[in-house]
>>> print(open('final02.cif').read())   # mmCIF, C-alpha atoms
data_input
loop_
_atom_site.label_atom_id
_atom_site.label_comp_id
_atom_site.auth_asym_id
_atom_site.auth_seq_id
_atom_site.Cartn_x
_atom_site.Cartn_y
_atom_site.Cartn_z
CA GLU R 845 -0.28 74.94 52.80
CA PRO R 846 -3.90 74.28 51.75
CA GLU R 847 -4.95 70.65 51.68
CA VAL R 848 -7.90 68.43 50.86
CA THR R 849 -9.65 67.10 53.94
CA GLN R 850 -11.98 64.11 54.26
CA THR R 851 -14.37 62.92 56.93
CA PRO R 852 -14.79 60.53 58.52
CA SER R 853 -11.40 58.86 58.49
CA HIS R 854 -13.04 55.48 59.04
CA GLN R 855 -16.65 54.48 58.46
CA VAL R 856 -18.11 51.12 59.42
CA THR R 857 -21.54 50.24 58.08
CA GLN R 858 -23.87 47.31 57.61
CA MET R 859 -24.49 45.91 54.16
CA GLY R 860 -27.46 47.62 52.54
CA GLN R 861 -27.04 50.87 54.46
CA GLU R 862 -26.44 54.23 52.86
CA VAL R 863 -23.19 56.07 53.51
CA ILE R 864 -22.06 59.58 52.69
CA LEU R 865 -18.38 60.34 52.48
CA ARG R 866 -17.41 63.98 52.77
CA CYS R 867 -14.60 65.99 51.30
CA VAL R 868 -13.53 69.61 51.49
CA PRO R 869 -11.44 70.39 48.41
CA ILE R 870 -8.84 73.14 48.27
CA SER R 871 -10.76 76.41 48.14
CA ASN R 872 -9.77 77.79 44.73
CA HIS R 873 -10.01 74.45 42.94
CA LEU R 874 -12.73 73.85 40.39
CA TYR R 875 -12.34 70.17 39.50
CA PHE R 876 -13.16 67.40 41.91
CA TYR R 877 -12.63 63.68 41.85
CA TRP R 878 -13.36 60.49 43.76
CA TYR R 879 -11.15 57.42 43.64
CA ARG R 880 -11.21 54.16 45.49
CA GLN R 881 -8.51 51.71 46.47
CA ILE R 882 -9.43 48.21 47.56
CA LEU R 883 -6.90 46.87 50.05
CA GLY R 884 -3.77 45.71 48.26
CA GLN R 885 -4.99 46.85 44.84
CA LYS R 886 -4.44 49.83 42.60
CA VAL R 887 -6.19 53.16 42.88
CA GLU R 888 -9.24 53.32 40.58
CA PHE R 889 -10.93 56.39 39.13
CA LEU R 890 -14.61 56.70 40.03
CA VAL R 891 -15.85 60.10 38.91
CA SER R 892 -14.87 63.64 38.01
CA PHE R 893 -17.04 66.66 38.71
CA TYR R 894 -16.96 70.19 37.36
CA ASN R 895 -19.41 73.08 37.25
CA ASN R 896 -21.93 71.16 39.36
CA GLU R 897 -22.13 68.17 37.11
CA ILE R 898 -20.37 64.90 36.45
CA SER R 899 -17.83 65.23 33.64
CA GLU R 900 -16.61 61.63 33.56
CA LYS R 901 -17.37 58.42 35.39
CA SER R 902 -16.01 54.90 35.32
CA GLU R 903 -17.81 51.58 34.99
CA ILE R 904 -17.56 51.22 38.76
CA PHE R 905 -19.67 54.34 39.30
CA ASP R 906 -23.10 52.76 38.82
CA ASP R 907 -26.56 53.84 39.97
CA GLN R 908 -25.66 53.09 43.58
CA PHE R 909 -23.21 55.99 43.59
CA SER R 910 -23.89 59.69 43.43
CA VAL R 911 -21.90 62.86 44.01
CA GLU R 912 -22.95 66.29 45.10
CA ARG R 913 -21.52 69.66 45.92
CA PRO R 914 -24.23 70.83 48.33
CA ASP R 915 -22.56 74.14 49.14
CA GLY R 916 -19.48 76.10 48.18
CA SER R 917 -17.06 73.95 50.13
CA ASN R 918 -18.17 70.34 50.50
CA PHE R 919 -18.04 67.56 47.91
CA THR R 920 -19.78 64.32 48.84
CA LEU R 921 -19.91 60.74 47.61
CA LYS R 922 -23.04 58.79 48.46
CA ILE R 923 -23.39 55.03 48.23
CA ARG R 924 -27.09 54.19 48.45
CA SER R 925 -27.04 50.53 49.42
CA THR R 926 -23.58 49.37 50.37
CA LYS R 927 -22.25 45.96 49.39
CA LEU R 928 -19.41 44.00 50.92
CA GLU R 929 -17.27 44.72 47.86
CA ASP R 930 -17.59 48.47 48.47
CA SER R 931 -15.15 48.08 51.36
CA ALA R 932 -12.17 50.17 50.31
CA MET R 933 -10.28 53.38 50.88
CA TYR R 934 -12.01 56.28 49.16
CA PHE R 935 -9.92 59.27 48.14
CA CYS R 936 -11.16 62.68 47.15
CA ALA R 937 -8.95 64.90 44.98
CA SER R 938 -9.18 68.41 43.58
CA ALA R 939 -7.38 70.45 40.93
CA THR R 940 -7.43 73.91 39.44
CA GLU R 941 -7.70 72.57 35.91
CA ALA R 942 -8.93 69.38 34.28
CA GLY R 943 -6.51 66.78 32.96
CA GLY R 944 -3.54 68.50 31.39
CA THR R 945 -0.52 68.73 33.59
CA ASP R 946 -2.24 70.17 36.58
CA THR R 947 -1.58 68.35 39.82
CA GLN R 948 -4.47 66.62 41.51
CA TYR R 949 -4.23 67.01 45.27
CA PHE R 950 -5.49 64.00 47.18
CA GLY R 951 -7.10 63.91 50.59
CA PRO R 952 -6.05 61.44 53.29
CA GLY R 953 -8.92 59.10 52.46
CA THR R 954 -11.89 57.51 54.19
CA ARG R 955 -11.64 53.83 54.98
CA LEU R 956 -15.05 52.28 54.41
CA THR R 957 -15.74 48.89 55.96
CA VAL R 958 -18.98 47.16 55.01
CA LEU R 959 -19.99 44.29 57.30
CA LYS C 968 -6.74 47.73 26.89
CA ASN C 969 -5.10 50.67 28.65
CA GLN C 970 -2.78 49.34 31.30
CA VAL C 971 0.08 50.53 33.46
CA GLU C 972 2.52 47.93 34.78
CA GLN C 973 5.26 48.57 37.31
CA SER C 974 8.33 46.71 38.43
CA PRO C 975 9.59 45.59 40.76
CA GLN C 976 6.57 44.97 42.97
CA SER C 977 8.71 45.63 46.02
CA LEU C 978 12.23 46.78 46.70
CA ILE C 979 14.43 46.94 49.78
CA ILE C 980 17.47 49.21 49.85
CA LEU C 981 19.82 50.67 52.42
CA GLU C 982 19.69 54.29 53.39
CA GLY C 983 21.88 56.44 51.17
CA LYS C 984 21.65 54.13 48.16
CA ASN C 985 20.08 54.98 44.82
CA CYS C 986 17.31 53.04 43.15
CA THR C 987 15.28 53.04 39.95
CA LEU C 988 11.66 52.04 39.57
CA GLN C 989 10.15 51.06 36.22
CA CYS C 990 6.83 51.72 34.55
CA ASN C 991 5.52 50.29 31.27
CA TYR C 992 2.24 51.44 29.82
CA THR C 993 -0.01 50.61 26.91
CA VAL C 994 -2.08 53.80 27.10
CA SER C 995 -2.00 55.41 23.67
CA PRO C 996 -2.25 58.18 22.90
CA PHE C 997 -1.58 59.72 26.24
CA SER C 998 -1.53 63.23 27.58
CA ASN C 999 0.84 62.97 30.49
CA LEU C 1000 2.53 60.57 32.86
CA ARG C 1001 2.76 61.15 36.58
CA TRP C 1002 4.62 59.62 39.48
CA TYR C 1003 3.00 59.68 42.90
CA LYS C 1004 4.29 58.73 46.34
CA GLN C 1005 1.79 57.07 48.65
CA ASP C 1006 2.54 56.51 52.31
CA THR C 1007 0.65 53.67 53.95
CA GLY C 1008 -2.93 54.69 54.73
CA ARG C 1009 -2.56 58.08 53.08
CA GLY C 1010 -3.50 59.69 49.79
CA PRO C 1011 -1.05 59.83 46.88
CA VAL C 1012 1.21 62.88 46.64
CA SER C 1013 2.41 64.10 43.26
CA LEU C 1014 6.15 63.91 42.57
CA THR C 1015 6.45 64.66 38.86
CA ILE C 1016 4.25 65.22 35.83
CA MET C 1017 5.58 64.87 32.27
CA THR C 1018 3.83 65.49 28.99
CA PHE C 1019 4.41 63.12 26.08
CA SER C 1020 7.01 65.53 24.68
CA GLU C 1021 9.17 65.63 27.80
CA ASN C 1022 12.03 63.22 28.45
CA THR C 1023 12.91 64.00 32.03
CA LYS C 1024 11.61 65.88 35.04
CA SER C 1025 13.24 66.32 38.43
CA ASN C 1026 11.90 67.11 41.86
CA GLY C 1027 14.70 67.21 44.40
CA ARG C 1028 16.12 63.71 44.76
CA TYR C 1029 13.47 62.30 42.43
CA THR C 1030 14.11 62.19 38.68
CA ALA C 1031 11.58 60.76 36.25
CA THR C 1032 12.36 59.82 32.67
CA LEU C 1033 10.01 59.09 29.82
CA ASP C 1034 10.51 57.27 26.52
CA ALA C 1035 7.27 57.67 24.59
CA ASP C 1036 8.54 55.47 21.76
CA THR C 1037 9.01 52.41 23.97
CA LYS C 1038 6.21 53.46 26.34
CA GLN C 1039 8.46 53.28 29.36
CA SER C 1040 9.12 55.56 32.28
CA SER C 1041 11.43 55.31 35.24
CA LEU C 1042 11.71 57.04 38.59
CA HIS C 1043 15.21 57.37 40.00
CA ILE C 1044 15.66 58.13 43.68
CA THR C 1045 19.05 59.45 44.71
CA ALA C 1046 20.61 59.11 48.15
CA SER C 1047 17.57 57.42 49.65
CA GLN C 1048 16.28 58.38 53.09
CA LEU C 1049 14.19 56.44 55.58
CA SER C 1050 11.27 58.71 54.76
CA ASP C 1051 11.34 57.48 51.16
CA SER C 1052 9.75 54.25 52.36
CA ALA C 1053 6.39 54.25 50.59
CA SER C 1054 4.62 53.02 47.48
CA TYR C 1055 5.49 54.76 44.23
CA ILE C 1056 2.75 54.81 41.67
CA CYS C 1057 2.98 55.48 37.96
CA VAL C 1058 -0.16 57.12 36.56
CA VAL C 1059 -1.03 57.79 32.93
CA SER C 1060 -3.61 60.26 31.64
CA PRO C 1061 -5.16 59.21 28.28
CA LEU C 1062 -5.28 61.95 25.65
CA ASP C 1063 -8.93 61.26 24.81
CA ASN C 1064 -10.00 61.36 28.44
CA THR C 1065 -7.47 63.24 30.50
CA ASP C 1066 -9.51 63.05 33.71
CA LYS C 1067 -9.63 59.25 33.80
CA LEU C 1068 -6.23 58.65 35.30
CA ILE C 1069 -4.98 55.08 34.96
CA PHE C 1070 -2.96 53.92 37.95
CA GLY C 1071 -0.28 51.28 38.13
CA THR C 1072 -0.16 48.85 41.03
CA GLY C 1073 2.86 50.59 42.48
CA THR C 1074 6.29 49.61 43.73
CA ARG C 1075 6.59 49.21 47.47
CA LEU C 1076 9.97 50.68 48.53
CA GLN C 1077 11.46 50.03 51.94
CA VAL C 1078 14.57 51.91 53.03
CA PHE C 1079 16.47 50.45 55.96
CA PRO C 1080 19.17 52.13 58.05
#
>>> encode(input="final02.cif", output="structure tokens")
Amino acid sequence: EPEVTQTPSHQVTQMGQEVILRCVPISNHLYFYWYRQILGQKVEFLVSFYNNEISEKSEIFDDQFSVERPDGSNFTLKIRSTKLEDSAMYFCASATEAGGTDTQYFGPGTRLTVL
Amino acid sequence: KNQVEQSPQSLIILEGKNCTLQCNYTVSPFSNLRWYKQDTGRGPVSLTIMTFSENTKSNGRYTATLDADTKQSSLHITASQLSDSASYICVVSPLDNTDKLIFGTGTRLQVFP
């Protein structure tokens, strides 16, 4: 069964460094998402992406964050200058349709630790 | 403010028993309500999705109900198994912004033999 994959599984970085989290969505999906989950807290929506542009973003997704689909398969989340509070699990998800009742399929996540 | 609250926070049951998890939401209007299962350290996996017009949806031993008038949903697990141990998350999709899923804090279920 096709699945969303994410790399790396765990990323450790120093505060102020740039990180890029990578995701490979399911191949026939057109809608892509990033979420984060701070340890012990709820999952939070960051951004949705369709047709090579951001369709929605949350208040969390400020100028330090950016997303890109550099080729036909990868979907990346970049954090330009990491802060301690960026430490969290980051989940990528993809779907065939936006919103509606279409299932979003989540990847296994990347645990980001900012020291 | 759009919120999704779940209860209980945690629940311990014995294998083979049934249980019901609760979700209350203030999101209005909403497009659909979803229940996800999240194993520790993993991404959420969809169990059920209901539109505002649906009252119930089943997926094997999982049955979700929805009362849009009282803004409540429940997830009933029948004949629990050890593998049901996980967090169960209620997620609501606002009608005016269906992509911005609003997640509850989840109910942590532990099933013991």
>>> resolve_selection(input="final02.cif", expression="the PyMOL selection byres ((chain R) within 8 of (chain C))", output="PDB file with C-alpha atoms, keeping the file's coordinate frame")
ATOM      1  CA  GLN R 885      -4.990  46.850  44.840  1.00  0.00           C
ATOM      2  CA  LYS R 886      -4.440  49.830  42.600  1.00  0.00           C
ATOM      3  CA  VAL R 887      -6.190  53.160  42.880  1.00  0.00           C
ATOM      4  CA  GLU R 888      -9.240  53.320  40.580  1.00  0.00           C
ATOM      5  CA  PHE R 889     -10.930  56.390  39.130  1.00  0.00           C
ATOM      6  CA  SER R 892     -14.870  63.640  38.010  1.00  0.00           C
ATOM      7  CA  GLU R 900     -16.610  61.630  33.560  1.00  0.00           C
ATOM      8  CA  LYS R 901     -17.370  58.420  35.390  1.00  0.00           C
ATOM      9  CA  SER R 902     -16.010  54.900  35.320  1.00  0.00           C
ATOM     10  CA  PHE R 935      -9.920  59.270  48.140  1.00  0.00           C
ATOM     11  CA  ALA R 942      -8.930  69.380  34.280  1.00  0.00           C
ATOM     12  CA  GLY R 943      -6.510  66.780  32.960  1.00  0.00           C
ATOM     13  CA  GLY R 944      -3.540  68.500  31.390  1.00  0.00           C
ATOM     14  CA  THR R 945      -0.520  68.730  33.590  1.00  0.00           C
ATOM     15  CA  THR R 947      -1.580  68.350  39.820  1.00  0.00           C
ATOM     16  CA  GLN R 948      -4.470  66.620  41.510  1.00  0.00           C
ATOM     17  CA  TYR R 949      -4.230  67.010  45.270  1.00  0.00           C
ATOM     18  CA  PHE R 950      -5.490  64.000  47.180  1.00  0.00           C
ATOM     19  CA  GLY R 951      -7.100  63.910  50.590  1.00  0.00           C
ATOM     20  CA  PRO R 952      -6.050  61.440  53.290  1.00  0.00           C
ATOM     21  CA  GLY R 953      -8.920  59.100  52.460  1.00  0.00           C
TER      22      GLY R 953
END
>>> atom_distance(input="final02.cif", atom1="CA of Glu982 in chain C", atom2="CA of Ala1046 in chain C")
7.2 Å
>>> residues_near_point(input="final02.cif", point="(10.2, 54.3, 55.7)", cutoff="9 Å", atoms="only C-alpha atoms", output="ChimeraX atom specification")
/C:1006,1048-1053,1076-1079
>>> resolve_selection(input="final02.cif", expression="the PyMOL selection byres ((chain R and resi 859-862) around 7)", output="PyMOL selection string")
chain R and resi 857-858+863-864+923-928+958-959
>>> write_last_selection(input="final02.cif", atoms="C-alpha atoms", output="PDB file, in the frame of the given file")
ATOM      1  CA  THR R 857     -21.540  50.240  58.080  1.00  0.00           C
ATOM      2  CA  GLN R 858     -23.870  47.310  57.610  1.00  0.00           C
ATOM      3  CA  VAL R 863     -23.190  56.070  53.510  1.00  0.00           C
ATOM      4  CA  ILE R 864     -22.060  59.580  52.690  1.00  0.00           C
ATOM      5  CA  ILE R 923     -23.390  55.030  48.230  1.00  0.00           C
ATOM      6  CA  ARG R 924     -27.090  54.190  48.450  1.00  0.00           C
ATOM      7  CA  SER R 925     -27.040  50.530  49.420  1.00  0.00           C
ATOM      8  CA  THR R 926     -23.580  49.370  50.370  1.00  0.00           C
ATOM      9  CA  LYS R 927     -22.250  45.960  49.390  1.00  0.00           C
ATOM     10  CA  LEU R 928     -19.410  44.000  50.920  1.00  0.00           C
ATOM     11  CA  VAL R 958     -18.980  47.160  55.010  1.00  0.00           C
ATOM     12  CA  LEU R 959     -19.990  44.290  57.300  1.00  0.00           C
TER      13      LEU R 959
END
>>> residues_around(input="final02.cif", residues="Thr1030 in chain C", least_positions_apart="4", cutoff="8 Å", atoms="all atoms listed in the file", output="list in words")
Thr1023, Lys1024, Ser1025, Asn1026, Leu1042, His1043 and Ile1044 of chain C
>>> atom_distance(input="final02.cif", atom1="CA of Pro869 in chain R", atom2="CA of Ala932 in chain R")
20.3 Å
>>> atom_distance(input="final02.cif", atom1="CA of Lys968 in chain C", atom2="CA of Tyr1003 in chain C")
22.2 Å
>>> residues_near_point(input="final02.cif", point="(-19.9, 60.0, 44.2)", cutoff="8 Å", atoms="only C-alpha atoms", output="list in words")
Trp878, Leu890, Val891, Phe905, Phe909, Ser910, Val911, Glu912, Thr920, Leu921, Lys922 and Ile923 of chain R
>>> residues_around(input="final02.cif", residues="Cys990 in chain C", least_positions_apart="4", cutoff="7 Å", atoms="all atoms listed in the file", output="ChimeraX atom specification")
/C:971-974,1039-1041,1057
>>> resolve_selection(input="final02.cif", expression="the PyMOL selection byres ((chain R and resi 851) around 9)", output="list in words")
Thr849, Gln850, Pro852, Ser853, His854, Gln855, Leu865, Arg866, Cys867, Val868, Gly953 and Thr954 of chain R
>>> closest_residue(input="final02.cif", among="R:Asp906, R:Glu941, R:Glu847, R:Glu929", to="Ser871 in chain R", atoms="all atoms listed in the file")
R:Glu847
